[in-house]
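A.B. asks: Before we start, here is the structure in question, set down as structure tokens.
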Amino acid sequence: MYDKHGAPGGVSRQVKVMRRIYLDHNATTPVRAEVLDAMLPFFRERFGNASSVHGLGQDAHAAIEEARSQTATLIGGRSGEVFFTSGGTEADNLALKGVAFANRDLGDHIVTTVIEHSAVLNSARFLERQGFSVTYLPVDSSGMVDPGDVERAITGRTLLVSVMSGNNEIGTIQPIDEIGTIARRHGVYFHTDAVQVAGKIPIDVEKAQVDLLSLSAHKIYGPKGAGAIYMRKGIRIEPSMHGGHHENNRRAGTENTPGIVGFGRAAELAHTEQAAEYRHLADLRDTLEKRIREEINDAVVNGHPTERLPGTLNVSFPGVEGESLLMRLDLKGIAVSTGSACSSGSIEPSHVLLALGVDPHTALGSVRFSFGRDNTLTDVEYVMTHLPGIVTHLRHVSGKGGAKAVSVSSPGVVSSVARV
Ligand SMILES: Cc1ncc(COP(=O)(O)O)c(C=O)c1O
């Protein structure tokens, strides 16, 4: 795309202005205008500390309580059971460590899964170093946890089951209601990381019998650095922050009023628009998936064929290095991500894809497209004007250019790693 710009010295020349297509909404989302508008007064004239007794303090307090109610509505919970945190990571840490440390007299065992976000996995590993034992359940090749495995893993020493609602890399949605029922039947707390599903599919903490649930504002067009944990009334929890009596003694520290207000407004909008948003995102994802299926040999879609977050499409392109693909797309103004992590100077394949049974090389050739509310079918079209050529080029460079299409799974065949 080209735009006219005045060049220095008054000489007019054509400058290339790159089109920007953001397809990384599972990483973060832009703050919505309505959300920013709600937040701004709390940086300026409504700056009170919610703990202050005077009018300005009470104003901030009332705004936080409104946000609490908006957030509770998003998940079908009660206001008094929502506690604001600095984000999803803190909520996950509090759920695992808070329950473990406060209930040590009752047990020392936690059940979770191998595909959790690092906020859960590393909290669990930390607890292992503190003498707790953790069972990391496997998933099938679509990323699905077997509720039967959850039940079999629970022992008389189990305190907590933590299974994410939807996976950030592949989008697989877990059978949370079933797992919640099992945990309740065994008298074990149930935590779910719902950071990626909030605003995309309905959440009902009562129906799913969830005891603790993590949320993050910046995944739903709210600000970064704001999140919440839902905690069912009566749960014994050790706070991770010690200090004042904020958040009903669950999370000390002066509340981030602008962030919380923004989160509340984002939650309200997400709740109102969820059904329409679902259709929009699913349409974009399905269109891109279909086009990739038609136009790129050997592409493999990772995740569950149907039980998948509407805007998430994770695809492996065998013979391609995901990082190179990401950078080539970025040069065309398209932002995506890979699930691989850089550790000690080398690129490690995603722990989620490995858990699905994807071989390490193929896992390294995978990228995630995650759509958001501002994306359009024109964006999909733009991606498809560049993606096939880049994949062909990278395969050629890596000497895998000659690979011919493998057989495509017939529609209706539930192959967990769907070949496309
Ligand atoms: C599933 C999941 N849990 C937790 C987090 C962490 O949330 P935050 O960035 O608010 O700390 C993320 C963010 O990537 C996530 O995707």
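Note on naming: chains are A, B, ... as they come in the structure tokens, residues start from 1 per chain, ligands start from 1 in the order shown.
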Residues up to 6 Å from ligand 1, counting only C-alpha atoms and all ligand atoms: could you list those as a list in words?

C.D. replies: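 Here is the list of contacting residues: Ala27, Gly87, Gly88, Thr89, His117, Ala119, Asn167, Asn168, Asp193, Val195, Gln196 and Ser216 of chain A.
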
A.B. asks: Which residues, written as a PyMOL selection string, have at least one atom at most 9 Å from Ile64 of chain A, with only C-alpha atoms counted and residues fewer than 3 positions away on the same chain left out?

C.D. replies: chain A and resi 50+59-61+67-69+255+257-258+260-261+264

A.B. asks: Identify, with DSSP run on backbone atoms, the residues in segment 121-194 of chain A assigned to strand (DSSP E or B), and express the list as an MDAnalysis selection string.

C.D. replies: chainID A and resid 133:137 158:162 166 172:173 189:193

A.B. asks: In Å to one decimal, how far is atom CA of Gly339 of chain A from atom CA of Ser366 of chain A?

C.D. replies: 7.5 Å

A.B. asks: If we count only C-alpha atoms, what is near Ala153 of chain A at a cut-off of 10 Å, once residues fewer than 3 positions away on the same chain are taken out, given as a VMD selection string?

C.D. replies: chain A and resid 109 to 112 134 to 137 147 to 150 158 161

A.B. asks: Limited to all heavy atoms, could you put the picked residues into a file as a JSON list (two decimals), in the first residue's frame?

C.D. replies:
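This is the output file part.json:
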```json
[["chain", "number", "residue", "atom", "x", "y", "z"],
["A", 109, "HIS", "N", -1.32, -32.78, 47.62],
["A", 109, "HIS", "CA", -1.27, -33.24, 46.23],
["A", 109, "HIS", "C", -2.13, -32.34, 45.33],
["A", 109, "HIS", "O", -3.24, -31.95, 45.71],
["A", 109, "HIS", "CB", -1.77, -34.70, 46.16],
["A", 109, "HIS", "CG", -1.82, -35.26, 44.77],
["A", 109, "HIS", "ND1", -2.95, -35.84, 44.24],
["A", 109, "HIS", "CD2", -0.88, -35.32, 43.79],
["A", 109, "HIS", "CE1", -2.70, -36.24, 43.00],
["A", 109, "HIS", "NE2", -1.45, -35.94, 42.71],
["A", 110, "ILE", "N", -1.60, -32.04, 44.15],
["A", 110, "ILE", "CA", -2.30, -31.19, 43.18],
["A", 110, "ILE", "C", -2.35, -31.92, 41.85],
["A", 110, "ILE", "O", -1.37, -32.58, 41.46],
["A", 110, "ILE", "CB", -1.57, -29.84, 43.04],
["A", 110, "ILE", "CG1", -1.79, -29.03, 44.34],
["A", 110, "ILE", "CG2", -2.07, -29.03, 41.85],
["A", 110, "ILE", "CD1", -0.75, -28.01, 44.58],
["A", 111, "VAL", "N", -3.47, -31.80, 41.15],
["A", 111, "VAL", "CA", -3.60, -32.40, 39.81],
["A", 111, "VAL", "C", -3.72, -31.27, 38.80],
["A", 111, "VAL", "O", -4.56, -30.38, 38.95],
["A", 111, "VAL", "CB", -4.87, -33.29, 39.74],
["A", 111, "VAL", "CG1", -5.05, -33.85, 38.33],
["A", 111, "VAL", "CG2", -4.81, -34.42, 40.77],
["A", 112, "THR", "N", -2.88, -31.30, 37.79],
["A", 112, "THR", "CA", -3.00, -30.32, 36.71],
["A", 112, "THR", "C", -2.67, -31.00, 35.38],
["A", 112, "THR", "O", -2.67, -32.22, 35.32],
["A", 112, "THR", "CB", -2.13, -29.06, 37.01],
["A", 112, "THR", "OG1", -2.41, -28.07, 36.03],
["A", 112, "THR", "CG2", -0.65, -29.37, 37.00],
["A", 134, "VAL", "N", 2.75, -33.22, 42.59],
["A", 134, "VAL", "CA", 1.88, -32.76, 41.51],
["A", 134, "VAL", "C", 1.76, -33.83, 40.45],
["A", 134, "VAL", "O", 2.76, -34.41, 40.04],
["A", 134, "VAL", "CB", 2.44, -31.46, 40.87],
["A", 134, "VAL", "CG1", 1.52, -30.98, 39.74],
["A", 134, "VAL", "CG2", 2.63, -30.35, 41.91],
["A", 135, "THR", "N", 0.54, -34.10, 40.01],
["A", 135, "THR", "CA", 0.32, -34.99, 38.86],
["A", 135, "THR", "C", 0.03, -34.11, 37.65],
["A", 135, "THR", "O", -0.88, -33.28, 37.70],
["A", 135, "THR", "CB", -0.89, -35.92, 39.12],
["A", 135, "THR", "OG1", -0.63, -36.68, 40.29],
["A", 135, "THR", "CG2", -1.14, -36.86, 37.94],
["A", 136, "TYR", "N", 0.82, -34.28, 36.59],
["A", 136, "TYR", "CA", 0.63, -33.53, 35.35],
["A", 136, "TYR", "C", -0.06, -34.47, 34.35],
["A", 136, "TYR", "O", 0.58, -35.38, 33.82],
["A", 136, "TYR", "CB", 1.97, -33.04, 34.79],
["A", 136, "TYR", "CG", 2.72, -32.11, 35.72],
["A", 136, "TYR", "CD1", 3.63, -32.61, 36.66],
["A", 136, "TYR", "CD2", 2.50, -30.74, 35.67],
["A", 136, "TYR", "CE1", 4.31, -31.75, 37.52],
["A", 136, "TYR", "CE2", 3.17, -29.88, 36.54],
["A", 136, "TYR", "CZ", 4.07, -30.39, 37.46],
["A", 136, "TYR", "OH", 4.74, -29.54, 38.32],
["A", 137, "LEU", "N", -1.33, -34.27, 34.14],
["A", 137, "LEU", "CA", -2.08, -35.19, 33.27],
["A", 137, "LEU", "C", -1.73, -34.95, 31.80],
["A", 137, "LEU", "O", -1.55, -33.81, 31.38],
["A", 137, "LEU", "CB", -3.58, -34.97, 33.45],
["A", 137, "LEU", "CG", -4.15, -35.30, 34.83],
["A", 137, "LEU", "CD1", -5.62, -34.92, 34.89],
["A", 137, "LEU", "CD2", -3.95, -36.77, 35.16],
["A", 147, "PRO", "N", -11.57, -36.48, 31.38],
["A", 147, "PRO", "CA", -12.05, -36.32, 32.75],
["A", 147, "PRO", "C", -11.84, -37.59, 33.59],
["A", 147, "PRO", "O", -11.64, -37.50, 34.81],
["A", 147, "PRO", "CB", -13.55, -36.03, 32.57],
["A", 147, "PRO", "CG", -13.66, -35.50, 31.18],
["A", 147, "PRO", "CD", -12.60, -36.18, 30.38],
["A", 148, "GLY", "N", -11.85, -38.74, 32.92],
["A", 148, "GLY", "CA", -11.58, -40.00, 33.63],
["A", 148, "GLY", "C", -10.18, -39.99, 34.24],
["A", 148, "GLY", "O", -9.97, -40.49, 35.35],
["A", 149, "ASP", "N", -9.22, -39.41, 33.52],
["A", 149, "ASP", "CA", -7.85, -39.30, 34.05],
["A", 149, "ASP", "C", -7.83, -38.42, 35.30],
["A", 149, "ASP", "O", -7.09, -38.68, 36.24],
["A", 149, "ASP", "CB", -6.91, -38.65, 33.00],
["A", 149, "ASP", "CG", -6.51, -39.63, 31.90],
["A", 149, "ASP", "OD1", -6.79, -40.84, 32.05],
["A", 149, "ASP", "OD2", -5.92, -39.18, 30.90],
["A", 150, "VAL", "N", -8.65, -37.35, 35.26],
["A", 150, "VAL", "CA", -8.70, -36.46, 36.43],
["A", 150, "VAL", "C", -9.18, -37.26, 37.63],
["A", 150, "VAL", "O", -8.58, -37.23, 38.71],
["A", 150, "VAL", "CB", -9.65, -35.26, 36.17],
["A", 150, "VAL", "CG1", -9.80, -34.40, 37.42],
["A", 150, "VAL", "CG2", -9.16, -34.41, 34.98],
["A", 158, "THR", "N", -5.34, -35.25, 47.78],
["A", 158, "THR", "CA", -5.47, -34.19, 46.76],
["A", 158, "THR", "C", -6.22, -32.99, 47.32],
["A", 158, "THR", "O", -7.31, -33.13, 47.90],
["A", 158, "THR", "CB", -6.19, -34.73, 45.51],
["A", 158, "THR", "OG1", -5.53, -35.92, 45.08],
["A", 158, "THR", "CG2", -6.17, -33.71, 44.38],
["A", 161, "VAL", "N", -7.57, -29.45, 41.91],
["A", 161, "VAL", "CA", -7.44, -29.80, 40.49],
["A", 161, "VAL", "C", -7.40, -28.48, 39.74],
["A", 161, "VAL", "O", -8.25, -27.62, 39.96],
["A", 161, "VAL", "CB", -8.64, -30.65, 40.02],
["A", 161, "VAL", "CG1", -8.64, -30.78, 38.50],
["A", 161, "VAL", "CG2", -8.62, -32.04, 40.67]]
```

A.B. asks: As a list in words, please: the residues near segment 391-401 of chain A (cut-off 6 Å, only C-alpha atoms, same-chain neighbours under 3 positions excluded).

C.D. replies: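 Returned residues: Gly319, Val320 and Pro388 of chain A.
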
A.B. asks: Restricted to all heavy atoms, what would the selected residues look like written as an mmCIF file, in the first residue's frame?

C.D. replies:
```cif
data_model
loop_
_atom_site.group_PDB
_atom_site.id
_atom_site.type_symbol
_atom_site.label_atom_id
_atom_site.label_comp_id
_atom_site.auth_asym_id
_atom_site.auth_seq_id
_atom_site.Cartn_x
_atom_site.Cartn_y
_atom_site.Cartn_z
ATOM 1 N N GLY A 319 8.593 -28.602 7.188
ATOM 2 C CA GLY A 319 9.629 -28.137 6.279
ATOM 3 C C GLY A 319 9.877 -26.636 6.379
ATOM 4 O O GLY A 319 10.681 -26.087 5.640
ATOM 5 N N VAL A 320 9.188 -25.995 7.296
ATOM 6 C CA VAL A 320 9.331 -24.543 7.458
ATOM 7 C C VAL A 320 9.743 -24.269 8.900
ATOM 8 O O VAL A 320 9.304 -24.957 9.820
ATOM 9 C CB VAL A 320 7.980 -23.849 7.168
ATOM 10 C CG1 VAL A 320 7.974 -22.412 7.629
ATOM 11 C CG2 VAL A 320 7.647 -23.937 5.688
ATOM 12 N N PRO A 388 1.064 -18.433 1.145
ATOM 13 C CA PRO A 388 1.492 -19.588 0.337
ATOM 14 C C PRO A 388 2.880 -19.382 -0.285
ATOM 15 O O PRO A 388 3.721 -20.296 -0.258
ATOM 16 C CB PRO A 388 0.409 -19.687 -0.752
ATOM 17 C CG PRO A 388 -0.788 -19.010 -0.154
ATOM 18 C CD PRO A 388 -0.239 -17.901 0.680
#
```

A.B. asks: From a DSSP calculation on the backbone, collect every residue of segment 20-102 of chain A in helix (DSSP H, G or I) and output the set as a PyMOL selection string.

C.D. replies: chain A and resi 33-42+55-75+79-81+88-102

A.B. asks: Rounded to one decimal in Å, what is the spacing between atom CA of Ser370 of chain A and atom CA of Leu331 of chain A?

C.D. replies: 18.1 Å

A.B. asks: Which of these residues is nearest to Asn26 of chain A, using only C-alpha atoms: A:Leu377, A:Thr385, A:Leu364, A:Ile170?

C.D. replies: A:Ile170

A.B. asks: Do you know which residues are at most 10 Å from Val383 of chain A counting only C-alpha atoms, after dropping those on the same chain fewer than 2 positions away, and could you put them as a list of chain:residue names?

C.D. replies: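 The residues that qualify are A:Ile21, A:Leu23, A:Leu288, A:Arg291, A:Ile292, A:Leu329, A:Lys332, A:Gly333, A:Ile334, A:Leu377, A:Thr378, A:Asp379, A:Val380, A:Glu381, A:Thr385, A:His386, A:Leu387, A:Pro388.
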
A.B. asks: Take the residues just selected and output them with all heavy atoms as a CSV table (one decimal), in the first residue's frame.

C.D. replies:
```
chain,number,residue,atom,x,y,z
A,21,ILE,N,-1.6,-6.0,9.8
A,21,ILE,CA,-2.7,-7.0,10.1
A,21,ILE,C,-2.3,-7.7,11.4
A,21,ILE,O,-1.4,-8.5,11.5
A,21,ILE,CB,-2.9,-8.0,9.0
A,21,ILE,CG1,-2.9,-7.4,7.6
A,21,ILE,CG2,-4.0,-9.0,9.3
A,21,ILE,CD1,-4.3,-6.9,7.2
A,23,LEU,N,-2.8,-10.4,14.0
A,23,LEU,CA,-3.4,-11.7,14.2
A,23,LEU,C,-2.8,-12.4,15.4
A,23,LEU,O,-2.4,-13.6,15.4
A,23,LEU,CB,-3.3,-12.5,13.0
A,23,LEU,CG,-4.0,-12.0,11.7
A,23,LEU,CD1,-3.8,-12.9,10.5
A,23,LEU,CD2,-5.5,-11.8,12.0
A,288,LEU,N,-9.9,-18.7,7.0
A,288,LEU,CA,-8.5,-18.8,6.8
A,288,LEU,C,-8.1,-20.3,6.8
A,288,LEU,O,-7.3,-20.7,6.0
A,288,LEU,CB,-7.7,-18.1,8.0
A,288,LEU,CG,-6.2,-18.2,7.9
A,288,LEU,CD1,-5.7,-17.6,6.6
A,288,LEU,CD2,-5.5,-17.5,9.1
A,291,ARG,N,-8.9,-21.7,3.4
A,291,ARG,CA,-8.0,-21.2,2.4
A,291,ARG,C,-6.6,-21.9,2.5
A,291,ARG,O,-6.0,-22.3,1.5
A,291,ARG,CB,-7.8,-19.7,2.5
A,291,ARG,CG,-9.1,-18.9,2.1
A,291,ARG,CD,-9.4,-18.9,0.6
A,291,ARG,NE,-8.3,-18.4,-0.2
A,291,ARG,CZ,-8.0,-17.1,-0.4
A,291,ARG,NH1,-8.9,-16.1,0.0
A,291,ARG,NH2,-7.0,-16.7,-1.2
A,292,ILE,N,-6.1,-22.1,3.7
A,292,ILE,CA,-4.8,-22.7,3.9
A,292,ILE,C,-5.0,-24.2,3.4
A,292,ILE,O,-4.1,-24.7,2.7
A,292,ILE,CB,-4.4,-22.7,5.4
A,292,ILE,CG1,-4.0,-21.3,5.8
A,292,ILE,CG2,-3.2,-23.6,5.6
A,292,ILE,CD1,-3.7,-21.0,7.2
A,329,LEU,N,6.3,-13.0,7.6
A,329,LEU,CA,5.0,-12.4,7.7
A,329,LEU,C,5.0,-11.0,8.3
A,329,LEU,O,4.3,-10.1,7.8
A,329,LEU,CB,4.0,-13.3,8.5
A,329,LEU,CG,3.6,-14.6,7.8
A,329,LEU,CD1,2.9,-15.5,8.8
A,329,LEU,CD2,2.8,-14.4,6.6
A,332,LYS,N,5.7,-8.3,6.0
A,332,LYS,CA,4.5,-8.0,5.2
A,332,LYS,C,3.5,-7.3,6.0
A,332,LYS,O,2.3,-7.0,5.6
A,332,LYS,CB,3.9,-9.2,4.5
A,332,LYS,CG,4.8,-10.0,3.6
A,332,LYS,CD,5.0,-9.1,2.3
A,332,LYS,CE,6.0,-9.8,1.4
A,332,LYS,NZ,6.5,-8.9,0.4
A,333,GLY,N,3.8,-7.0,7.3
A,333,GLY,CA,2.9,-6.3,8.2
A,333,GLY,C,1.9,-7.2,8.9
A,333,GLY,O,0.9,-6.8,9.5
A,334,ILE,N,2.1,-8.6,8.9
A,334,ILE,CA,1.2,-9.5,9.5
A,334,ILE,C,1.8,-10.0,10.8
A,334,ILE,O,2.9,-10.6,10.8
A,334,ILE,CB,0.9,-10.7,8.5
A,334,ILE,CG1,0.3,-10.2,7.2
A,334,ILE,CG2,0.0,-11.7,9.2
A,334,ILE,CD1,0.4,-11.2,6.1
A,377,LEU,N,-12.6,-10.1,6.7
A,377,LEU,CA,-12.2,-11.1,5.7
A,377,LEU,C,-11.2,-10.5,4.8
A,377,LEU,O,-10.4,-11.3,4.2
A,377,LEU,CB,-13.5,-11.5,4.9
A,377,LEU,CG,-14.5,-12.4,5.7
A,377,LEU,CD1,-15.8,-12.6,5.0
A,377,LEU,CD2,-13.8,-13.7,6.0
A,378,THR,N,-11.1,-9.2,4.6
A,378,THR,CA,-10.0,-8.6,3.8
A,378,THR,C,-8.7,-8.9,4.4
A,378,THR,O,-7.7,-9.1,3.7
A,378,THR,CB,-10.2,-7.1,3.7
A,378,THR,OG1,-11.6,-6.8,3.5
A,378,THR,CG2,-9.4,-6.4,2.7
A,379,ASP,N,-8.6,-9.0,5.7
A,379,ASP,CA,-7.3,-9.4,6.4
A,379,ASP,C,-6.9,-10.8,6.0
A,379,ASP,O,-5.8,-11.1,5.7
A,379,ASP,CB,-7.4,-9.3,7.9
A,379,ASP,CG,-7.7,-7.8,8.4
A,379,ASP,OD1,-7.4,-6.9,7.6
A,379,ASP,OD2,-8.1,-7.6,9.5
A,380,VAL,N,-7.9,-11.7,6.0
A,380,VAL,CA,-7.7,-13.1,5.6
A,380,VAL,C,-7.2,-13.1,4.2
A,380,VAL,O,-6.2,-13.8,3.8
A,380,VAL,CB,-8.9,-13.9,5.8
A,380,VAL,CG1,-8.7,-15.4,5.2
A,380,VAL,CG2,-9.4,-14.0,7.2
A,381,GLU,N,-7.8,-12.3,3.3
A,381,GLU,CA,-7.4,-12.3,1.9
A,381,GLU,C,-6.0,-11.8,1.8
A,381,GLU,O,-5.2,-12.4,1.1
A,381,GLU,CB,-8.4,-11.3,1.2
A,381,GLU,CG,-8.3,-11.3,-0.3
A,381,GLU,CD,-8.7,-12.6,-0.9
A,381,GLU,OE1,-9.7,-13.2,-0.4
A,381,GLU,OE2,-7.9,-13.0,-1.7
A,385,THR,N,-2.6,-13.7,0.3
A,385,THR,CA,-1.8,-13.3,-0.9
A,385,THR,C,-0.3,-13.5,-0.6
A,385,THR,O,0.5,-13.5,-1.5
A,385,THR,CB,-2.1,-11.8,-1.2
A,385,THR,OG1,-1.7,-11.0,-0.1
A,385,THR,CG2,-3.5,-11.5,-1.7
A,386,HIS,N,0.1,-13.6,0.7
A,386,HIS,CA,1.5,-13.7,1.0
A,386,HIS,C,1.9,-15.1,1.5
A,386,HIS,O,3.0,-15.6,1.3
A,386,HIS,CB,1.9,-12.7,2.0
A,386,HIS,CG,1.8,-11.3,1.4
A,386,HIS,ND1,2.6,-10.8,0.5
A,386,HIS,CD2,0.9,-10.3,1.7
A,386,HIS,CE1,2.3,-9.6,0.1
A,386,HIS,NE2,1.3,-9.2,0.9
A,387,LEU,N,1.0,-15.7,2.4
A,387,LEU,CA,1.4,-16.9,3.1
A,387,LEU,C,1.8,-18.1,2.2
A,387,LEU,O,2.9,-18.6,2.4
A,387,LEU,CB,0.2,-17.4,4.0
A,387,LEU,CG,0.5,-18.6,4.9
A,387,LEU,CD1,1.6,-18.3,5.9
A,387,LEU,CD2,-0.8,-19.0,5.7
A,388,PRO,N,1.1,-18.4,1.1
A,388,PRO,CA,1.5,-19.6,0.3
A,388,PRO,C,2.9,-19.4,-0.3
A,388,PRO,O,3.7,-20.3,-0.3
A,388,PRO,CB,0.4,-19.7,-0.8
A,388,PRO,CG,-0.8,-19.0,-0.2
A,388,PRO,CD,-0.2,-17.9,0.7
```

A.B. asks: Atom CA of Val300 of chain A to atom CA of Pro318 of chain A: how many Å, to one decimal?

C.D. replies: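 Separation of atom CA of Val300 of chain A and atom CA of Pro318 of chain A: 8.2 Å.
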
A.B. asks: Using only C-alpha atoms, can you tell me which of A:Ala91, A:Val367, A:Ala335, A:Ala62 comes closest to Pro349 of chain A?

C.D. replies: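 Ranking A:Ala91, A:Val367, A:Ala335, A:Ala62 by distance to Pro349 of chain A, first place goes to A:Val367.
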